[in-house]
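Remarks on the structure that follows.
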Amino acid sequence: MEAVAAAAEAREQLRASFASGRTRPAAWRAAQLRGLLRMAAEMEAEICAALRADLAKPRTESYVHEISLVTSSCKFALKNLKKWMKPNKVPAGMLTFPSAARVSAEPLGVVLVISAWNYPFLLAVDPVIGAIAAGNAVVLKPSEVAPATSALLADLLPRYVDGSCVRVVEGGIPETTALLEQKWDKIFYTGNGKVGRIVMSFAAKHLTPVVLELGGKCPVVVDCNVDLHVAAKRIASGKWGCNSGQACISPDYIITTKCFAPKLLDALKRVLDKFYGKEPLRSPDLSRIVNSNHFNRLQALMDEETVADKVVFGGESDEQQLKIAPTLLLDVPLDSTIMKEEIFGPLLPIITVDKIHESFGVINSMSKPLAAYLFSNDSMLKQQFEMNVSAGGMIFNDTAIHLTNPHLPFGGVGESGMGAYHGTFSFDAFAHKKAIVDRSFLGEATARYPPYTPAKLKILKGVLKGNPVAMVQAIAGFPGGA
Ligand code: NAD
């Protein structure tokens with residue numbers, strides 16, 4: 001009951017703030033964005049410390065993958081805010097002559113952002129940037145699975161942004177459920193698809209639109225004509241260099257040809273030795289697994305009967321530290337759990353096929369992924385990959401880096417999510433594009449009004465076909481009447 005009362009109070013207070021018009025002016029929006037920018041700069045050490053406490057995240061990853069992305073999102077929004085807010089004039093059309101037409105971006109109102117634990121600073125603040133830029137009031141519910149970052153956000157946000165319009169509500173399932181029971185103007189959820197379905201069913205009650213940023217199994221197809229050393233480094237960086245594989249766009253599995261697999265495996269092993277040394281569990285550059293539930297889940301994936309003897313590199317773990325070494329598995333069965341569920345951790349299976357084109361069938365037999373990667377120098381294969389593989393995003397010859405480009409939408413398709421954000425897409429996610437036609441009292445076309453007559457229909461047909469004579473006749477009030 002306490003959670004429900006707190007959720008209702010937060011929503012009511014923000015609704016009153018929004019109704020006051022406070023969030024609408026560009027000056028208010030820019031001030032909040034500048035506040036977030038200052039927060040990221042002044043609190044860098046505190047943010048890194050929270051991320052270290054939650055995930056043992058290396059400082060470089062904390063800065064590059066979380067703080068700097070929040071900073072660049074704020075800067076991009078500040079730079080483009082006026083342009084985004086400006087009504088967009090469009091052709092008015094002869095049918096409504098004389099008139100003007102425009103598309104005006106209006107804020108949706110009071111929105112709810114629910115974020116996930118794996119990039120707990122970025123995934124919380126980045127959608128809030130879009131919501132503020134579009135002129136909304138926001139409730140942010142950070143993930144309780146990253147408690148240090150959640151507490152830090154609850155402490156910092158009121159110090160850097162207008163607390164009457166941006167609120168942080170901490171908590172787990174009861175608190176999130178209480179929030180979901182309220183009526184929002186949009187819900188932006190990042191997390192797994194199971195909870196995505198829960199979010200959507202709550203949203204359906206109020207016909208609330210949702211953005212669902214979900215996950216899935218992101219494939220990496222490796223052709224045999226690649227620069228092997230570069231490919232291995234880029235795969236390793238997107239996997240273990242992204243929160244130990246606990247990233248929604250981390251490579252989930254590799255597909256390569258049977259004859260190329262040994263070379264790729266050797267290259268990956270060499271790169272991993274170089275990145276994390278002979279004792280990777282002691283490397284400060286490898287994040288830990290977020291909690292013992294996920295540690296046990298990952299351990300069980302490796303221990304499954306049909307999978308256990310497929311480990312060809314790594315496999316060590318330390319339950320005390322919640323660390324699992326970078327692990328490569330070769331030719332795990334496609335019906336094993338590790339190939340059926342999103343791995344979300346440092347295990348990387350390699351599937352082999354006779355011909356590289358067979359990879360399309362393997363990928364398409366699963367749910368549509370959030371990202372799909374192909375390493376190849378063959379432009380025909382790239383074209384075929386782009387045409388035949390449906391994914392939220394796609395990169396040729398690298399992994400994960402597409403999310404750094406604010407000109408690209410970031411979001412899933414099918415079971416990897418719906419809607420998108422980043423850059424302009426963040427603003428669009430939180431704005432309603434209102435169609436506006438502005439007419440004068442001139443240009444009264446009587447032909448549109450009853451009583452309908454064959455003569456009126458003839459003129460209307462002419463107008464609809466773009467016949468200039470009919471247009472002049474319509475505007476001049478032909479035929480008379482009405
Ligand atoms: P999580 O456990 O932090 O859950 C996400 C949010 O949902 C949290 O705020 C949590 O409080 C809330 N929640 C959990 N259970 C709930 C319930 N029963 N009812 C209502 N709310 C509930 O995060 P997670 O789901 O473990 O995150 C990992 C998943 O998220 C992976 O599938 C990953 O691929 C995906 N993900 C996607 C993106 C993206 O941008 N597309 C980014 C990060 C993670």
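To be explicit about the labels: the chains of the structure tokens are called A, B, and onward in the order shown, and within each one the residues are counted from 1, while ligands get numbers from 1 in the order they are shown.
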Requested in this report: Quick one: everything within 8 Å of A:His407, counting only C-alpha atoms, minus sequence neighbours fewer than 5 positions away in the same chain. Send it as a ChimeraX atom specification.
Outcome: /A:422-424
Kindly save the residues from that selection, with N, CA, C and O atoms included, as a PDB file, in the first residue's frame.
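selection-v5.pdb was written with the following content:
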ATOM      1  N   HIS A 422      17.885   7.398 -28.960  1.00  0.00           N
ATOM      2  CA  HIS A 422      19.213   7.978 -29.270  1.00  0.00           C
ATOM      3  C   HIS A 422      19.030   9.148 -30.251  1.00  0.00           C
ATOM      4  O   HIS A 422      18.254   9.045 -31.214  1.00  0.00           O
ATOM      5  N   GLY A 423      19.782  10.219 -29.990  1.00  0.00           N
ATOM      6  CA  GLY A 423      19.753  11.392 -30.862  1.00  0.00           C
ATOM      7  C   GLY A 423      18.333  11.879 -31.101  1.00  0.00           C
ATOM      8  O   GLY A 423      17.510  11.935 -30.180  1.00  0.00           O
ATOM      9  N   THR A 424      18.021  12.197 -32.341  1.00  0.00           N
ATOM     10  CA  THR A 424      16.689  12.693 -32.698  1.00  0.00           C
ATOM     11  C   THR A 424      15.603  11.683 -32.338  1.00  0.00           C
ATOM     12  O   THR A 424      14.475  12.054 -32.003  1.00  0.00           O
TER      13      THR A 424
END
Query raised in the report: Residues at most 8 Å from ligand 1, using only C-alpha atoms and all ligand atoms? Could they come as a PyMOL selection string?
Result: chain A and resi 114-119+123+141-146+171-177+180+189-196+198-199+212-216+246-249+342+344+370+410-412+416-417
**Report entry** Test item: residues at most 10 Å from A:Val230, only C-alpha atoms, excluding those fewer than 6 positions along its chain, as a list in words
**Finding:**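 Close residues of A:Val230: Ala236, Ala267, Val271, Phe375, Asn397 and Asp398 of chain A.
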Report task. Check the smallest atom-to-atom distance from each of A:Arg288, A:Lys217, A:Arg297, A:Lys269 to A:Ile254 using only C-alpha atoms, then report the winner. Result ->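 Residue with the minimum atom-to-atom distance to A:Ile254: A:Lys217.
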Report task. Name the closest residue to A:Gly419 among the candidates A:Pro209, A:Gly35, A:Gly345, A:Pro147; distances are taken between atoms, counting only C-alpha atoms. Result ->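 Nearest candidate to A:Gly419 out of A:Pro209, A:Gly35, A:Gly345, A:Pro147: A:Pro209.
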Requested in this report: Go ahead and compute the interatomic distance for atom CA of A:Glu305 and atom CA of A:Ser336, in Å to one decimal.
Outcome: 9.0 Å
**Report entry** Option closest in space to A:His357, from A:Thr446, A:Ser68, A:Ser150, A:Thr256 [counting only C-alpha atoms]
**Finding:**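 Of A:Thr446, A:Ser68, A:Ser150, A:Thr256, the one nearest A:His357, counting only C-alpha atoms, is A:Thr256.
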Query raised in the report: Please, which residues of stretch 259-467 of chain A, numbered as in this document, come out helix (DSSP H, G or I) from DSSP, as a PyMOL selection string?
Result: chain A and resi 261-276+280-282+292-303+308-310+337-340+358-364+379-388+401-404+414-416+423-429+446-448+454-464
**Report entry** Nearest candidate to A:Val290 (options A:Gln182, A:Ser359, A:Asn225, A:Gln321; using only C-alpha atoms)
**Finding:**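 Counting only C-alpha atoms, the residue closest to A:Val290 is A:Gln321.
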Rows by chain and residue number, stretch 135-210 of chain A within 12 Å of stretch 12-27 of chain A, shortest pair, only C-alpha atoms, as a tab-separated table:
residue	atom	partner	partner_atom	distance
A:Gly135	CA	A:Arg24	CA	5.0
A:Asn136	CA	A:Thr23	CA	6.1
A:Ala137	CA	A:Phe18	CA	6.0
A:Val138	CA	A:Leu14	CA	7.4
A:Val139	CA	A:Leu14	CA	8.1
A:Leu140	CA	A:Leu14	CA	11.8
A:Val161	CA	A:Thr23	CA	11.6
A:Asp162	CA	A:Thr23	CA	9.5
A:Gly163	CA	A:Leu14	CA	9.2
A:Ser164	CA	A:Ser17	CA	6.4
A:Cys165	CA	A:Leu14	CA	5.5
A:Val166	CA	A:Leu14	CA	7.6
A:Arg167	CA	A:Leu14	CA	8.1
A:Val168	CA	A:Leu14	CA	11.5
A:Leu179	CA	A:Glu12	CA	11.7
A:Gln182	CA	A:Glu12	CA	9.7
A:Lys183	CA	A:Glu12	CA	10.1
A:Trp184	CA	A:Arg15	CA	9.5
A:Asp185	CA	A:Arg15	CA	10.2
Those residues with C-alpha atoms, as a tab-separated table (two decimals), in the first residue's frame please?
chain	number	residue	atom	x	y	z
A	135	GLY	CA	9.26	18.71	-22.64
A	136	ASN	CA	7.87	15.96	-20.41
A	137	ALA	CA	7.83	15.42	-16.68
A	138	VAL	CA	9.53	12.11	-15.81
A	139	VAL	CA	9.56	9.44	-13.15
A	140	LEU	CA	12.70	7.32	-13.32
A	161	VAL	CA	17.58	18.86	-12.23
A	162	ASP	CA	14.20	20.34	-11.32
A	163	GLY	CA	12.79	17.93	-8.72
A	164	SER	CA	9.27	19.20	-9.27
A	165	CYS	CA	9.33	17.69	-12.78
A	166	VAL	CA	11.90	14.87	-12.62
A	167	ARG	CA	11.60	12.31	-9.83
A	168	VAL	CA	13.48	9.12	-9.00
A	179	LEU	CA	4.15	2.59	-10.67
A	182	GLN	CA	-0.71	4.38	-12.55
A	183	LYS	CA	-1.71	6.02	-15.79
A	184	TRP	CA	1.28	7.39	-17.74
A	185	ASP	CA	1.56	9.13	-21.06
Requested in this report: Write out as an MDAnalysis selection string which residues come within 9 Å of stretch 98-105 of chain A when counting only C-alpha atoms, dropping same-chain ones fewer than 5 positions away.
Outcome: chainID A and resid 84:93 134 428 431:443
Expected file: the selected residues, N, CA and C atoms, as a PDB file, in the first residue's frame:
ATOM      1  N   TRP A  84      14.567  20.694 -33.087  1.00  0.00           N
ATOM      2  CA  TRP A  84      13.563  19.647 -32.844  1.00  0.00           C
ATOM      3  C   TRP A  84      12.224  20.254 -32.445  1.00  0.00           C
ATOM      4  N   MET A  85      12.285  21.351 -31.660  1.00  0.00           N
ATOM      5  CA  MET A  85      11.046  21.936 -31.135  1.00  0.00           C
ATOM      6  C   MET A  85      10.292  22.757 -32.187  1.00  0.00           C
ATOM      7  N   LYS A  86      11.028  23.208 -33.195  1.00  0.00           N
ATOM      8  CA  LYS A  86      10.425  24.097 -34.181  1.00  0.00           C
ATOM      9  C   LYS A  86       9.383  23.346 -35.023  1.00  0.00           C
ATOM     10  N   PRO A  87       8.175  23.905 -35.150  1.00  0.00           N
ATOM     11  CA  PRO A  87       7.189  23.243 -36.002  1.00  0.00           C
ATOM     12  C   PRO A  87       7.722  23.104 -37.425  1.00  0.00           C
ATOM     13  N   ASN A  88       7.430  21.974 -38.015  1.00  0.00           N
ATOM     14  CA  ASN A  88       7.958  21.666 -39.339  1.00  0.00           C
ATOM     15  C   ASN A  88       6.879  21.956 -40.386  1.00  0.00           C
ATOM     16  N   LYS A  89       7.112  23.019 -41.199  1.00  0.00           N
ATOM     17  CA  LYS A  89       6.119  23.383 -42.235  1.00  0.00           C
ATOM     18  C   LYS A  89       6.094  22.308 -43.312  1.00  0.00           C
ATOM     19  N   VAL A  90       4.889  21.958 -43.751  1.00  0.00           N
ATOM     20  CA  VAL A  90       4.748  20.964 -44.828  1.00  0.00           C
ATOM     21  C   VAL A  90       3.816  21.546 -45.887  1.00  0.00           C
ATOM     22  N   PRO A  91       3.826  20.997 -47.109  1.00  0.00           N
ATOM     23  CA  PRO A  91       2.917  21.538 -48.137  1.00  0.00           C
ATOM     24  C   PRO A  91       1.465  21.458 -47.677  1.00  0.00           C
ATOM     25  N   ALA A  92       0.709  22.498 -48.002  1.00  0.00           N
ATOM     26  CA  ALA A  92      -0.668  22.568 -47.494  1.00  0.00           C
ATOM     27  C   ALA A  92      -1.637  21.772 -48.350  1.00  0.00           C
ATOM     28  N   GLY A  93      -1.368  21.635 -49.636  1.00  0.00           N
ATOM     29  CA  GLY A  93      -2.268  20.864 -50.491  1.00  0.00           C
ATOM     30  C   GLY A  93      -3.389  21.730 -51.033  1.00  0.00           C
ATOM     31  N   ALA A 134      11.994  16.595 -24.952  1.00  0.00           N
ATOM     32  CA  ALA A 134      10.666  16.705 -25.573  1.00  0.00           C
ATOM     33  C   ALA A 134       9.663  17.430 -24.670  1.00  0.00           C
ATOM     34  N   ASP A 428      11.896  12.069 -30.571  1.00  0.00           N
ATOM     35  CA  ASP A 428      10.683  11.556 -31.223  1.00  0.00           C
ATOM     36  C   ASP A 428       9.957  10.532 -30.344  1.00  0.00           C
ATOM     37  N   ALA A 431       7.746  12.574 -27.973  1.00  0.00           N
ATOM     38  CA  ALA A 431       6.955  13.705 -28.470  1.00  0.00           C
ATOM     39  C   ALA A 431       5.814  13.171 -29.335  1.00  0.00           C
ATOM     40  N   HIS A 432       4.711  13.871 -29.266  1.00  0.00           N
ATOM     41  CA  HIS A 432       3.626  13.552 -30.210  1.00  0.00           C
ATOM     42  C   HIS A 432       3.746  14.518 -31.376  1.00  0.00           C
ATOM     43  N   LYS A 433       3.755  13.981 -32.583  1.00  0.00           N
ATOM     44  CA  LYS A 433       3.842  14.835 -33.775  1.00  0.00           C
ATOM     45  C   LYS A 433       2.419  15.216 -34.166  1.00  0.00           C
ATOM     46  N   LYS A 434       2.061  16.456 -33.802  1.00  0.00           N
ATOM     47  CA  LYS A 434       0.674  16.902 -33.998  1.00  0.00           C
ATOM     48  C   LYS A 434       0.520  17.526 -35.383  1.00  0.00           C
ATOM     49  N   ALA A 435      -0.496  17.050 -36.113  1.00  0.00           N
ATOM     50  CA  ALA A 435      -0.775  17.587 -37.450  1.00  0.00           C
ATOM     51  C   ALA A 435      -1.618  18.847 -37.309  1.00  0.00           C
ATOM     52  N   ILE A 436      -1.160  19.945 -37.890  1.00  0.00           N
ATOM     53  CA  ILE A 436      -1.911  21.204 -37.768  1.00  0.00           C
ATOM     54  C   ILE A 436      -2.182  21.791 -39.150  1.00  0.00           C
ATOM     55  N   VAL A 437      -3.447  22.112 -39.391  1.00  0.00           N
ATOM     56  CA  VAL A 437      -3.822  22.836 -40.605  1.00  0.00           C
ATOM     57  C   VAL A 437      -4.413  24.170 -40.160  1.00  0.00           C
ATOM     58  N   ASP A 438      -3.914  25.219 -40.722  1.00  0.00           N
ATOM     59  CA  ASP A 438      -4.378  26.557 -40.341  1.00  0.00           C
ATOM     60  C   ASP A 438      -5.052  27.202 -41.548  1.00  0.00           C
ATOM     61  N   ARG A 439      -6.384  27.360 -41.490  1.00  0.00           N
ATOM     62  CA  ARG A 439      -7.132  27.913 -42.619  1.00  0.00           C
ATOM     63  C   ARG A 439      -7.652  29.306 -42.296  1.00  0.00           C
ATOM     64  N   SER A 440      -7.958  30.048 -43.346  1.00  0.00           N
ATOM     65  CA  SER A 440      -8.695  31.297 -43.145  1.00  0.00           C
ATOM     66  C   SER A 440     -10.164  30.984 -43.490  1.00  0.00           C
ATOM     67  N   PHE A 441     -11.005  31.992 -43.510  1.00  0.00           N
ATOM     68  CA  PHE A 441     -12.404  31.751 -43.875  1.00  0.00           C
ATOM     69  C   PHE A 441     -12.630  31.910 -45.376  1.00  0.00           C
ATOM     70  N   LEU A 442     -11.527  32.087 -46.093  1.00  0.00           N
ATOM     71  CA  LEU A 442     -11.649  32.202 -47.550  1.00  0.00           C
ATOM     72  C   LEU A 442     -11.668  30.801 -48.165  1.00  0.00           C
ATOM     73  N   GLY A 443     -11.889  30.766 -49.478  1.00  0.00           N
ATOM     74  CA  GLY A 443     -11.783  29.500 -50.210  1.00  0.00           C
ATOM     75  C   GLY A 443     -12.857  28.515 -49.829  1.00  0.00           C
TER      76      GLY A 443
END
Query raised in the report: What lies within 10 Å of A:Lys355 using only C-alpha atoms, ignoring chain neighbours under 2 positions off, as a VMD selection string?
Result: chain A and resid 223 256 to 259 352 to 353 357 to 359
Can you write just those residues out, N, CA and C atoms, as a PDB file, in the first residue's frame?
ATOM      1  N   ASP A 223      33.214 -14.735 -41.718  1.00  0.00           N
ATOM      2  CA  ASP A 223      33.594 -15.300 -43.009  1.00  0.00           C
ATOM      3  C   ASP A 223      35.103 -15.611 -42.963  1.00  0.00           C
ATOM      4  N   THR A 256      30.657 -19.706 -37.826  1.00  0.00           N
ATOM      5  CA  THR A 256      31.697 -19.671 -38.854  1.00  0.00           C
ATOM      6  C   THR A 256      31.740 -21.036 -39.552  1.00  0.00           C
ATOM      7  N   THR A 257      32.599 -21.128 -40.547  1.00  0.00           N
ATOM      8  CA  THR A 257      32.655 -22.417 -41.261  1.00  0.00           C
ATOM      9  C   THR A 257      33.528 -23.406 -40.479  1.00  0.00           C
ATOM     10  N   LYS A 258      33.258 -24.662 -40.715  1.00  0.00           N
ATOM     11  CA  LYS A 258      34.015 -25.724 -40.020  1.00  0.00           C
ATOM     12  C   LYS A 258      35.510 -25.569 -40.262  1.00  0.00           C
ATOM     13  N   CYS A 259      35.875 -25.224 -41.512  1.00  0.00           N
ATOM     14  CA  CYS A 259      37.309 -25.182 -41.806  1.00  0.00           C
ATOM     15  C   CYS A 259      37.970 -23.934 -41.228  1.00  0.00           C
ATOM     16  N   THR A 352      29.446 -24.133 -35.944  1.00  0.00           N
ATOM     17  CA  THR A 352      30.079 -24.252 -37.259  1.00  0.00           C
ATOM     18  C   THR A 352      29.090 -24.774 -38.306  1.00  0.00           C
ATOM     19  N   VAL A 353      29.303 -24.269 -39.526  1.00  0.00           N
ATOM     20  CA  VAL A 353      28.452 -24.682 -40.659  1.00  0.00           C
ATOM     21  C   VAL A 353      29.384 -25.034 -41.823  1.00  0.00           C
ATOM     22  N   HIS A 357      26.729 -19.225 -45.898  1.00  0.00           N
ATOM     23  CA  HIS A 357      25.330 -18.819 -46.108  1.00  0.00           C
ATOM     24  C   HIS A 357      24.355 -19.592 -45.219  1.00  0.00           C
ATOM     25  N   GLU A 358      24.793 -20.755 -44.719  1.00  0.00           N
ATOM     26  CA  GLU A 358      23.910 -21.517 -43.826  1.00  0.00           C
ATOM     27  C   GLU A 358      23.651 -20.744 -42.526  1.00  0.00           C
ATOM     28  N   SER A 359      24.519 -19.774 -42.240  1.00  0.00           N
ATOM     29  CA  SER A 359      24.347 -18.990 -41.003  1.00  0.00           C
ATOM     30  C   SER A 359      22.991 -18.268 -41.001  1.00  0.00           C
TER      31      SER A 359
END
Query raised in the report: Between atom CA of A:Ala474 and atom CA of A:Tyr449, what is the distance, to one decimal in Å?
Result: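 Separation between atom CA of A:Ala474 and atom CA of A:Tyr449: 11.3 Å.
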Give me, as a compact mmCIF listing (two decimals) with N, CA, C and O atoms, in the first residue's frame, all polymer residues having an atom no more than 9 Å from A:Ile47, counting only C-alpha atoms and skipping those fewer than 6 positions away in the same chain.
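Generated file (selection02.txt):
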# COMPACT_ATOMS: atom_id res chain seq x y z
N ALA A 40 27.21 14.66 -14.79
CA ALA A 40 28.13 13.64 -15.34
C ALA A 40 29.58 14.08 -15.17
O ALA A 40 30.46 13.24 -14.90
N SER A 62 33.37 2.27 -17.48
CA SER A 62 32.37 3.16 -16.85
C SER A 62 32.37 4.51 -17.55
O SER A 62 31.31 5.08 -17.83
N TYR A 63 33.59 5.02 -17.80
CA TYR A 63 33.65 6.33 -18.43
C TYR A 63 33.19 6.28 -19.90
O TYR A 63 32.30 7.00 -20.31
N ILE A 67 29.36 7.21 -18.80
CA ILE A 67 29.40 8.66 -18.55
C ILE A 67 29.53 9.44 -19.85
O ILE A 67 28.80 10.40 -20.10
N PHE A 121 23.75 3.44 -15.08
CA PHE A 121 23.76 4.91 -15.17
C PHE A 121 23.24 5.33 -16.55
O PHE A 121 22.27 6.08 -16.66
N THR A 149 24.18 2.25 -7.81
CA THR A 149 23.88 3.26 -8.84
C THR A 149 22.47 3.80 -8.65
O THR A 149 22.22 5.00 -8.83
N LEU A 152 22.62 6.28 -5.90
CA LEU A 152 23.33 7.48 -6.34
C LEU A 152 22.42 8.36 -7.22
O LEU A 152 22.38 9.58 -7.05
N LEU A 153 21.69 7.73 -8.12
CA LEU A 153 20.78 8.50 -8.99
C LEU A 153 19.70 9.20 -8.16
O LEU A 153 19.36 10.36 -8.41
Query raised in the report: When DSSP works through the backbone of this structure, what residues of stretch 296-430 of chain A end up as strand (DSSP E), shown as a PyMOL selection string?
Result: chain A and resi 311-313+317-318+323-324+327-330+347-353+371-375+393-396+417-418
Requested in this report: Please measure the separation of atom CA of A:Ala232 and atom CA of A:Leu334, giving the value in Å to one decimal.
Outcome: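 Atom CA of A:Leu334 lies 23.0 Å from atom CA of A:Ala232.
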